[in-house]
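Data from input33.json: JSON, C-alpha atoms
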[["chain", "number", "residue", "atom", "x", "y", "z"],
["A", 1, "MET", "CA", 118.30, 105.64, 122.12],
["A", 2, "SER", "CA", 118.18, 109.15, 123.53],
["A", 3, "CYS", "CA", 116.85, 111.03, 120.51],
["A", 4, "ALA", "CA", 113.65, 112.86, 121.41],
["A", 5, "THR", "CA", 112.28, 112.70, 117.87],
["A", 6, "PRO", "CA", 113.69, 109.51, 116.34],
["A", 7, "LEU", "CA", 113.32, 109.13, 112.60],
["A", 8, "ASP", "CA", 111.07, 106.31, 111.53],
["A", 9, "ALA", "CA", 112.98, 103.35, 110.10],
["A", 10, "ALA", "CA", 110.69, 103.16, 107.09],
["A", 11, "VAL", "CA", 111.23, 106.85, 106.36],
["A", 12, "LEU", "CA", 114.97, 106.26, 106.56],
["A", 13, "ALA", "CA", 114.48, 103.47, 104.03],
["A", 14, "ASP", "CA", 112.62, 105.88, 101.76],
["A", 15, "TYR", "CA", 115.51, 108.30, 102.14],
["A", 16, "TRP", "CA", 118.02, 105.58, 101.24],
["A", 17, "LEU", "CA", 115.94, 104.67, 98.21],
["A", 18, "GLY", "CA", 115.67, 108.29, 97.07],
["A", 19, "MET", "CA", 111.91, 108.31, 97.51],
["A", 20, "LEU", "CA", 111.58, 111.46, 99.61],
["A", 21, "SER", "CA", 110.90, 114.91, 98.25],
["A", 22, "GLN", "CA", 113.74, 117.42, 98.30],
["A", 23, "PRO", "CA", 112.36, 119.32, 101.34],
["A", 24, "GLU", "CA", 111.86, 116.03, 103.20],
["A", 25, "GLU", "CA", 115.40, 114.97, 102.35],
["A", 26, "GLU", "CA", 116.88, 118.22, 103.55],
["A", 27, "ALA", "CA", 114.97, 118.13, 106.82],
["A", 28, "LEU", "CA", 115.99, 114.54, 107.40],
["A", 29, "GLU", "CA", 119.65, 115.22, 106.61],
["A", 30, "GLU", "CA", 119.66, 118.20, 108.93],
["A", 31, "HIS", "CA", 118.50, 115.92, 111.71],
["A", 32, "LEU", "CA", 120.93, 113.12, 110.77],
["A", 33, "PHE", "CA", 123.97, 115.37, 110.90],
["A", 34, "THR", "CA", 123.26, 116.24, 114.50],
["A", 35, "CYS", "CA", 121.88, 112.95, 115.81],
["A", 36, "ASP", "CA", 124.06, 109.92, 116.45],
["A", 37, "ASP", "CA", 121.10, 107.75, 117.35],
["A", 38, "CYS", "CA", 119.35, 108.30, 114.06],
["A", 39, "SER", "CA", 122.64, 107.97, 112.17],
["A", 40, "THR", "CA", 122.95, 104.54, 113.74],
["A", 41, "ARG", "CA", 119.39, 103.75, 112.69],
["A", 42, "LEU", "CA", 120.25, 104.78, 109.14],
["A", 43, "SER", "CA", 123.29, 102.48, 109.25],
["A", 44, "GLU", "CA", 121.03, 99.65, 110.38],
["A", 45, "MET", "CA", 118.60, 100.42, 107.59],
["A", 46, "MET", "CA", 121.40, 100.45, 105.04],
["A", 47, "ALA", "CA", 122.61, 97.08, 106.28],
["A", 48, "LEU", "CA", 119.09, 95.69, 106.04],
["A", 49, "ALA", "CA", 118.73, 97.09, 102.52],
["A", 50, "GLU", "CA", 121.99, 95.46, 101.50],
["A", 51, "GLU", "CA", 120.95, 92.10, 102.94],
["A", 52, "LEU", "CA", 117.59, 92.30, 101.18],
["A", 53, "ARG", "CA", 119.38, 92.99, 97.92],
["A", 54, "LYS", "CA", 121.63, 89.98, 98.48],
["A", 55, "LEU", "CA", 118.62, 87.85, 99.32],
["A", 56, "ALA", "CA", 116.91, 88.83, 96.09],
["A", 57, "ASN", "CA", 120.10, 88.11, 94.15],
["A", 58, "GLU", "CA", 120.22, 84.61, 95.60],
["A", 59, "GLY", "CA", 116.84, 83.74, 94.10],
["A", 60, "SER", "CA", 115.99, 81.78, 97.22],
["A", 61, "LEU", "CA", 112.55, 83.28, 97.87],
["A", 62, "ARG", "CA", 109.19, 82.03, 96.69],
["A", 63, "MET", "CA", 107.17, 85.03, 95.52],
["A", 64, "ILE", "CA", 105.36, 86.66, 92.62],
["A", 65, "VAL", "CA", 107.39, 89.00, 90.42],
["A", 66, "ASN", "CA", 106.81, 90.93, 87.21],
["A", 67, "GLU", "CA", 108.52, 91.21, 83.83],
["A", 68, "ARG", "CA", 110.49, 94.21, 84.96],
["A", 69, "PHE", "CA", 112.03, 92.16, 87.75],
["A", 70, "LEU", "CA", 113.26, 89.68, 85.15],
["A", 71, "GLU", "CA", 114.57, 92.49, 82.96],
["A", 72, "CYS", "CA", 116.51, 93.87, 85.93],
["A", 73, "ALA", "CA", 117.89, 90.42, 86.69],
["A", 74, "ALA", "CA", 118.99, 90.00, 83.06],
["A", 75, "ALA", "CA", 120.66, 93.41, 83.17],
["A", 76, "LYS", "CA", 122.61, 92.22, 86.20],
["A", 77, "GLY", "CA", 123.79, 89.22, 84.19],
["A", 78, "MET", "CA", 121.61, 86.74, 86.04],
["A", 79, "THR", "CA", 120.34, 83.64, 84.27],
["A", 80, "ALA", "CA", 116.66, 82.90, 84.70],
["A", 81, "ARG", "CA", 115.42, 79.42, 83.87],
["A", 82, "GLN", "CA", 111.79, 79.69, 82.89],
["A", 83, "TYR", "CA", 109.06, 77.14, 82.31],
["A", 84, "ALA", "CA", 105.59, 77.80, 80.97],
["A", 85, "PRO", "CA", 103.38, 74.74, 81.35],
["A", 86, "PRO", "CA", 100.04, 75.04, 79.59],
["A", 87, "ARG", "CA", 96.99, 75.55, 81.74],
["A", 88, "GLY", "CA", 95.93, 72.10, 82.88],
["A", 89, "GLY", "CA", 99.15, 70.66, 81.50],
["A", 90, "LYS", "CA", 102.61, 69.51, 82.52],
["A", 91, "VAL", "CA", 106.19, 70.47, 81.84],
["A", 92, "ASP", "CA", 109.42, 68.59, 82.40],
["A", 93, "CYS", "CA", 111.92, 70.78, 84.14],
["A", 94, "THR", "CA", 115.28, 70.90, 85.86],
["A", 95, "VAL", "CA", 117.84, 73.40, 87.11],
["A", 96, "THR", "CA", 121.59, 73.57, 86.67],
["A", 97, "LEU", "CA", 124.29, 75.09, 88.82],
["A", 98, "ASN", "CA", 124.53, 78.00, 86.39],
["A", 99, "ASP", "CA", 120.92, 79.08, 86.88],
["A", 100, "ASP", "CA", 120.30, 82.07, 89.14],
["A", 101, "LEU", "CA", 116.51, 82.29, 89.07],
["A", 102, "LEU", "CA", 113.70, 79.82, 88.53],
["A", 103, "ILE", "CA", 110.48, 81.18, 87.07],
["A", 104, "GLY", "CA", 107.18, 79.50, 86.34],
["A", 105, "ARG", "CA", 104.96, 81.31, 83.86],
["A", 106, "LEU", "CA", 101.36, 80.50, 84.70],
["A", 107, "ALA", "CA", 98.89, 81.71, 82.09],
["A", 108, "ALA", "CA", 95.26, 82.09, 83.13],
["A", 109, "ASP", "CA", 92.28, 84.38, 82.87],
["A", 110, "PHE", "CA", 92.11, 86.61, 85.94],
["A", 111, "SER", "CA", 89.68, 89.11, 84.48],
["A", 112, "GLU", "CA", 86.83, 88.19, 86.82],
["A", 113, "SER", "CA", 89.00, 87.73, 89.89],
["A", 114, "ARG", "CA", 89.28, 90.01, 92.87],
["A", 115, "ARG", "CA", 91.60, 87.85, 94.97],
["A", 116, "ILE", "CA", 93.96, 85.14, 93.78],
["A", 117, "ASP", "CA", 95.64, 82.47, 95.89],
["A", 118, "LEU", "CA", 98.34, 80.14, 94.66],
["A", 119, "ALA", "CA", 98.34, 76.67, 96.22],
["A", 120, "ILE", "CA", 101.57, 74.69, 96.05],
["A", 121, "CYS", "CA", 100.81, 70.95, 96.05],
["A", 122, "ASP", "CA", 102.85, 67.79, 96.02],
["A", 123, "GLY", "CA", 102.70, 65.17, 93.29],
["A", 124, "GLU", "CA", 99.59, 63.66, 94.88],
["A", 125, "GLY", "CA", 97.79, 66.96, 94.62],
["A", 126, "ILE", "CA", 97.86, 67.53, 98.37],
["A", 127, "GLU", "CA", 98.24, 71.21, 99.22],
["A", 128, "ARG", "CA", 101.49, 71.83, 101.09],
["A", 129, "MET", "CA", 101.43, 75.60, 101.31],
["A", 130, "ARG", "CA", 99.38, 78.51, 100.06],
["A", 131, "MET", "CA", 100.38, 81.94, 98.86],
["A", 132, "THR", "CA", 97.41, 84.04, 99.90],
["A", 133, "ASP", "CA", 96.20, 87.13, 98.07],
["A", 134, "ILE", "CA", 99.06, 87.28, 95.63],
["A", 135, "PRO", "CA", 99.68, 90.38, 93.50],
["A", 136, "PHE", "CA", 98.25, 90.09, 90.02],
["A", 137, "ARG", "CA", 96.99, 92.31, 87.23],
["A", 138, "PRO", "CA", 93.70, 91.21, 85.70],
["A", 139, "GLY", "CA", 94.74, 92.41, 82.26],
["A", 140, "GLU", "CA", 98.05, 90.59, 82.03],
["A", 141, "GLY", "CA", 96.89, 86.99, 82.11],
["A", 142, "THR", "CA", 100.18, 85.50, 83.29],
["A", 143, "LEU", "CA", 101.56, 85.04, 86.78],
["A", 144, "LEU", "CA", 105.32, 84.89, 87.22],
["A", 145, "LEU", "CA", 106.07, 82.52, 90.07],
["A", 146, "HIS", "CA", 109.59, 83.06, 91.38],
["A", 147, "GLU", "CA", 110.43, 79.70, 92.92],
["A", 148, "SER", "CA", 113.40, 79.21, 95.24],
["A", 149, "ILE", "CA", 116.33, 78.16, 93.07],
["A", 150, "THR", "CA", 118.24, 77.23, 96.21],
["A", 151, "ARG", "CA", 115.57, 74.71, 97.11],
["A", 152, "ALA", "CA", 115.26, 73.46, 93.53],
["A", 153, "LYS", "CA", 119.00, 72.87, 93.28],
["A", 154, "ALA", "CA", 118.91, 70.80, 96.44],
["A", 155, "ALA", "CA", 115.66, 68.97, 95.68],
["A", 156, "PRO", "CA", 115.41, 65.38, 94.47],
["A", 157, "SER", "CA", 113.38, 64.54, 91.38],
["A", 158, "GLU", "CA", 109.79, 65.35, 92.31],
["A", 159, "VAL", "CA", 106.47, 66.65, 91.06],
["A", 160, "MET", "CA", 105.05, 70.01, 92.09],
["A", 161, "ILE", "CA", 101.55, 71.11, 91.21],
["A", 162, "ALA", "CA", 100.65, 74.80, 91.31],
["A", 163, "ARG", "CA", 96.97, 75.71, 91.48],
["A", 164, "ILE", "CA", 95.68, 79.20, 90.88],
["A", 165, "LEU", "CA", 92.49, 79.80, 92.85],
["A", 166, "ALA", "CA", 90.09, 82.71, 92.59],
["A", 167, "VAL", "CA", 88.68, 83.50, 96.02],
["A", 168, "ASP", "CA", 85.57, 85.48, 96.86],
["A", 169, "ASP", "CA", 82.77, 85.50, 99.41],
["A", 170, "SER", "CA", 81.19, 82.40, 97.90],
["A", 171, "GLY", "CA", 84.36, 80.34, 98.22],
["A", 172, "GLU", "CA", 87.11, 79.51, 95.78],
["A", 173, "ARG", "CA", 87.28, 78.16, 92.25],
["A", 174, "LEU", "CA", 90.12, 76.67, 90.26],
["A", 175, "VAL", "CA", 91.46, 79.05, 87.65],
["A", 176, "GLY", "CA", 94.37, 76.94, 86.47],
["A", 177, "GLU", "CA", 96.50, 73.96, 87.41],
["A", 178, "TYR", "CA", 100.10, 73.45, 86.31],
["A", 179, "THR", "CA", 102.31, 70.43, 86.88],
["A", 180, "PHE", "CA", 106.09, 70.68, 87.07],
["A", 181, "ASN", "CA", 107.95, 67.37, 86.68],
["A", 182, "HIS", "CA", 111.29, 68.24, 88.17],
["A", 183, "THR", "CA", 114.23, 66.00, 87.36],
["A", 184, "ARG", "CA", 117.35, 66.44, 89.39],
["A", 185, "THR", "CA", 120.37, 66.81, 87.12],
["A", 186, "ILE", "CA", 122.84, 68.27, 89.58],
["A", 187, "PRO", "CA", 125.09, 65.48, 90.91],
["B", 1, "MET", "CA", 126.45, 110.04, 77.39],
["B", 2, "GLN", "CA", 126.08, 106.49, 76.06],
["B", 3, "GLN", "CA", 122.76, 106.10, 77.80],
["B", 4, "VAL", "CA", 121.44, 109.33, 76.27],
["B", 5, "LEU", "CA", 122.68, 108.24, 72.84],
["B", 6, "ILE", "CA", 120.94, 104.87, 73.18],
["B", 7, "ILE", "CA", 117.67, 106.46, 74.29],
["B", 8, "THR", "CA", 117.85, 108.93, 71.40],
["B", 9, "LEU", "CA", 118.59, 106.21, 68.83],
["B", 10, "GLU", "CA", 115.74, 104.08, 70.18],
["B", 11, "ALA", "CA", 113.40, 107.05, 69.92],
["B", 12, "LEU", "CA", 114.50, 107.69, 66.33],
["B", 13, "ARG", "CA", 114.10, 104.04, 65.37],
["B", 14, "ALA", "CA", 110.66, 103.96, 66.94],
["B", 15, "SER", "CA", 109.72, 107.07, 64.93],
["B", 16, "ARG", "CA", 108.96, 109.02, 68.08],
["B", 17, "LEU", "CA", 111.13, 111.89, 66.81],
["B", 18, "ASN", "CA", 109.71, 112.87, 63.47],
["B", 19, "GLU", "CA", 110.53, 116.56, 63.65],
["B", 20, "PRO", "CA", 114.29, 117.26, 63.31],
["B", 21, "GLU", "CA", 114.03, 120.65, 65.00],
["B", 22, "LYS", "CA", 112.95, 118.90, 68.21],
["B", 23, "LEU", "CA", 116.00, 116.61, 68.32],
["B", 24, "ALA", "CA", 118.19, 119.02, 70.31],
["B", 25, "SER", "CA", 115.50, 119.61, 72.86],
["B", 26, "PHE", "CA", 114.87, 115.88, 73.17],
["B", 27, "VAL", "CA", 118.58, 115.19, 73.72],
["B", 28, "LEU", "CA", 118.89, 117.95, 76.30],
["B", 29, "GLY", "CA", 115.79, 116.74, 78.12],
["B", 30, "THR", "CA", 117.08, 113.19, 78.14],
["B", 31, "CYS", "CA", 120.43, 114.42, 79.48],
["B", 32, "ARG", "CA", 118.66, 116.23, 82.29],
["B", 33, "MET", "CA", 116.56, 113.21, 83.23],
["B", 34, "THR", "CA", 119.60, 110.93, 83.14],
["B", 35, "VAL", "CA", 121.60, 113.23, 85.37],
["B", 36, "LEU", "CA", 118.69, 113.51, 87.78],
["B", 37, "ASP", "CA", 118.44, 109.72, 87.92],
["B", 38, "ILE", "CA", 122.14, 109.49, 88.72],
["B", 39, "ARG", "CA", 121.91, 112.21, 91.32],
["B", 40, "ARG", "CA", 118.97, 110.54, 93.03],
["B", 41, "GLY", "CA", 120.65, 107.16, 93.03],
["B", 42, "THR", "CA", 124.36, 106.64, 92.92],
["B", 43, "ARG", "CA", 125.55, 110.01, 94.16],
["B", 44, "ARG", "CA", 123.30, 109.97, 97.18],
["B", 45, "ARG", "CA", 124.48, 106.50, 98.02],
["B", 46, "GLU", "CA", 128.12, 107.47, 97.68],
["B", 47, "ARG", "CA", 127.62, 110.57, 99.78],
["B", 48, "ILE", "CA", 125.83, 108.71, 102.54],
["B", 49, "LEU", "CA", 128.32, 105.88, 102.43],
["B", 50, "ALA", "CA", 131.16, 108.38, 102.77],
["B", 51, "THR", "CA", 129.45, 109.91, 105.79],
["B", 52, "TYR", "CA", 128.11, 106.86, 107.50],
["B", 53, "GLY", "CA", 129.89, 103.97, 105.77],
["B", 54, "GLY", "CA", 132.30, 103.59, 108.63],
["B", 55, "ASP", "CA", 129.40, 102.58, 110.82],
["B", 56, "LEU", "CA", 128.21, 99.84, 108.49],
["B", 57, "TYR", "CA", 128.31, 96.40, 110.06],
["B", 58, "PRO", "CA", 129.74, 97.66, 113.34],
["B", 59, "SER", "CA", 131.56, 94.83, 115.06],
["B", 60, "SER", "CA", 130.15, 95.36, 118.50],
["B", 61, "SER", "CA", 126.80, 97.05, 118.01],
["B", 62, "GLY", "CA", 124.77, 93.87, 118.24],
["B", 63, "TRP", "CA", 123.34, 94.48, 114.77],
["B", 64, "GLU", "CA", 125.27, 91.70, 113.06],
["B", 65, "PRO", "CA", 123.57, 88.82, 114.88],
["B", 66, "ARG", "CA", 120.17, 90.31, 114.05],
["B", 67, "LEU", "CA", 121.06, 90.25, 110.38],
["B", 68, "ASP", "CA", 121.53, 86.53, 110.38],
["B", 69, "HIS", "CA", 120.92, 85.62, 106.78],
["B", 70, "GLU", "CA", 118.80, 82.54, 107.45],
["B", 71, "ARG", "CA", 116.68, 84.47, 109.90],
["B", 72, "LEU", "CA", 116.17, 87.31, 107.47],
["B", 73, "THR", "CA", 115.15, 84.79, 104.80],
["B", 74, "ARG", "CA", 112.52, 83.35, 107.16],
["B", 75, "CYS", "CA", 111.34, 86.84, 108.09],
["B", 76, "VAL", "CA", 110.97, 87.87, 104.45],
["B", 77, "GLN", "CA", 109.24, 84.61, 103.60],
["B", 78, "GLY", "CA", 106.90, 85.28, 106.52],
["B", 79, "LEU", "CA", 105.65, 88.56, 105.06],
["B", 80, "LYS", "CA", 102.36, 88.72, 103.25],
["B", 81, "GLU", "CA", 102.68, 88.11, 99.52],
["B", 82, "ARG", "CA", 102.25, 91.72, 98.49],
["B", 83, "GLU", "CA", 104.60, 92.94, 101.20],
["B", 84, "ARG", "CA", 107.27, 90.48, 100.11],
["B", 85, "SER", "CA", 106.97, 91.45, 96.47],
["B", 86, "VAL", "CA", 107.10, 95.16, 97.32],
["B", 87, "VAL", "CA", 110.12, 94.87, 99.59],
["B", 88, "VAL", "CA", 112.15, 92.58, 97.37],
["B", 89, "MET", "CA", 111.38, 94.41, 94.16],
["B", 90, "THR", "CA", 112.11, 97.76, 95.78],
["B", 91, "PHE", "CA", 115.48, 96.78, 97.16],
["B", 92, "PHE", "CA", 116.49, 94.43, 94.35],
["B", 93, "ASP", "CA", 116.63, 97.08, 91.70],
["B", 94, "GLU", "CA", 115.10, 100.13, 93.26],
["B", 95, "HIS", "CA", 111.75, 99.79, 91.52],
["B", 96, "THR", "CA", 110.07, 103.16, 91.90],
["B", 97, "GLY", "CA", 106.87, 103.48, 93.87],
["B", 98, "ALA", "CA", 105.05, 104.05, 90.58],
["B", 99, "ALA", "CA", 106.40, 100.85, 89.02],
["B", 100, "VAL", "CA", 105.44, 98.76, 92.04],
["B", 101, "ALA", "CA", 102.05, 100.46, 92.20],
["B", 102, "GLU", "CA", 101.41, 99.52, 88.59],
["B", 103, "PHE", "CA", 102.38, 95.91, 89.32],
["B", 104, "LEU", "CA", 100.06, 95.70, 92.32],
["B", 105, "GLY", "CA", 97.26, 97.72, 90.77],
["B", 106, "VAL", "CA", 97.16, 100.11, 93.74],
["B", 107, "SER", "CA", 98.14, 103.72, 94.32],
["B", 108, "GLU", "CA", 101.68, 104.85, 95.11],
["B", 109, "ALA", "CA", 100.46, 105.91, 98.53],
["B", 110, "ASN", "CA", 99.28, 102.36, 99.16],
["B", 111, "VAL", "CA", 102.63, 100.99, 98.05],
["B", 112, "ARG", "CA", 104.30, 103.30, 100.53],
["B", 113, "VAL", "CA", 102.03, 102.01, 103.30],
["B", 114, "ILE", "CA", 102.75, 98.40, 102.33],
["B", 115, "ARG", "CA", 106.50, 99.05, 102.17],
["B", 116, "HIS", "CA", 106.55, 100.81, 105.54],
["B", 117, "ARG", "CA", 104.51, 98.07, 107.18],
["B", 118, "ALA", "CA", 106.79, 95.40, 105.75],
["B", 119, "ILE", "CA", 109.94, 97.17, 106.95],
["B", 120, "HIS", "CA", 108.54, 97.49, 110.46],
["B", 121, "GLN", "CA", 107.56, 93.82, 110.44],
["B", 122, "LEU", "CA", 111.01, 92.80, 109.26],
["B", 123, "ARG", "CA", 112.64, 94.83, 112.01],
["B", 124, "ASN", "CA", 110.35, 93.29, 114.59],
["B", 125, "CYS", "CA", 111.01, 89.82, 113.24],
["B", 126, "LEU", "CA", 114.76, 90.50, 113.38],
["B", 127, "GLY", "CA", 114.44, 91.72, 116.94],
["B", 128, "VAL", "CA", 115.34, 95.33, 116.26],
["B", 129, "THR", "CA", 113.74, 97.65, 118.78],
["B", 130, "ALA", "CA", 112.28, 100.98, 117.75]]

As structure tokens, the full file:
Amino acid sequence: MSCATPLDAAVLADYWLGMLSQPEEEALEEHLFTCDDCSTRLSEMMALAEELRKLANEGSLRMIVNERFLECAAAKGMTARQYAPPRGGKVDCTVTLNDDLLIGRLAADFSESRRIDLAICDGEGIERMRMTDIPFRPGEGTLLLHESITRAKAAPSEVMIARILAVDDSGERLVGEYTFNHTRTIP
Amino acid sequence: MQQVLIITLEALRASRLNEPEKLASFVLGTCRMTVLDIRRGTRRRERILATYGGDLYPSSSGWEPRLDHERLTRCVQGLKERERSVVVMTFFDEHTGAAVAEFLGVSEANVRVIRHRAIHQLRNCLGVTA
């Protein structure tokens, strides 16, 4: 790179997403039209954006989403299989080849919580991984866990326990536990 | 046109347009907002693609190997929870900063910081130098 004032990759992402103000856009474009290095960086950013979009479309990530995410997915024609086990309860579940997303709706009271972790446990209740400091809104009362559909489609019949934990300086307390009895139905 | 018609009908059904004399102004305003949305989204993308599209996925730039799909998946999964949600939701359907901020319960400025940090971490994870 020989550009003396290279544009920041994240700013180029903002530009690609249309999140810059008009003066910022114009200044950036003026630079882009005269700078091959930064044009290349923009191309790289566009490629990354496209891959991230594909990744989200695959439904292969484990993360927390919101209702709007599901609305967008539905608008794209994606099929979301959703399960809502009661707090402290179980639900029988499966996935089919036609499913695009797998969502667990975990209802709980977060009103007193400042930080929430989500522990993913096996059927014995042993914690296998933890999602630390997940995004949540105290007023909503439901977490939308976007589980990897790719993994679920490949998984054998198994039990997964999700535990919502409120964490503060004094330690952690169980807010809710949810058991998913997954039965493999894909040959 | 269809989008404006749908928005107008929804507003009428929801009784948000009780004064007939304001209908024209509502329709015109909705038209303007719809056109602005299009301009800020699709047209920009088309324009930039027309200018720089030829450079996408260059065959010999060395970028392709860094965009190994499995590696990117691991990199995204390696982000902090909030960073992952911000990045995926932003690029999945171009959630605005305000929408993501509402989801996270933080300011738009904070969302911007989170998004920028996540993008830099992804580039580092993918081995892209500054």

**Prompt:** How many Å separate CA of Lys90 in chain A from CA of Leu143 in chain A?
**Reply:** 16.1 Å

For chain B, work out the contacting residues on chain A at 6 Å, counting all atoms listed in the file, and write them as a PDB file with C-alpha atoms, keeping the file's coordinate frame.
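Dumped to result-v6.pdb:
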ATOM      1  CA  ALA A  10     110.690 103.160 107.090  1.00  0.00           C
ATOM      2  CA  GLY A  18     115.670 108.290  97.070  1.00  0.00           C
ATOM      3  CA  SER A  43     123.290 102.480 109.250  1.00  0.00           C
ATOM      4  CA  ARG A  53     119.380  92.990  97.920  1.00  0.00           C
ATOM      5  CA  ALA A  56     116.910  88.830  96.090  1.00  0.00           C
ATOM      6  CA  ILE A 134      99.060  87.280  95.630  1.00  0.00           C
ATOM      7  CA  PRO A 135      99.680  90.380  93.500  1.00  0.00           C
TER       8      PRO A 135
END

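Our summary of the geometry notes that CA of Leu32 in chain A is positioned 25.4 Å from CA of Val111 in chain B.
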
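Between CA of Thr132 in chain A and CA of Ser60 in chain A there is a distance of 18.9 Å.
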
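Nearest residue to Cys35 in chain A, choosing from A:Asn57, A:Thr79, A:Ser2, A:Gln22 and counting only C-alpha atoms: A:Ser2.
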
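When only C-alpha atoms are used to compute distances to Leu52 in chain A, the closest of the residues B:Ile7, B:Arg71, B:Arg13, B:Glu108 turns out to be B:Arg71.
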
**Surrounding residues of Pro156 in chain A excluding itself and chain neighbours under 5 positions, 12 Å, all atoms listed in the file, as number ranges by chain** = A: 94-95, 151, 181-187

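For the residues A:Ser39, A:Thr34, A:Ser111, A:Thr179, ranking by smallest atom-to-atom distance to Ala162 in chain A using only C-alpha atoms places A:Thr179 first.
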
**Item:** Within 6 Å of range 101-105 of chain A using all atoms listed in the file, minus same-chain residues under 6 positions, as a ChimeraX atom specification
**Value:** /A:59,80-84,143-147,149

**Item:** Residue neighbourhood Gly123 in chain A, 10 Å, all atoms listed in the file, exclusion window fewer than 5 positions, as a ChimeraX atom specification
**Value:** /A:158-161,179-181
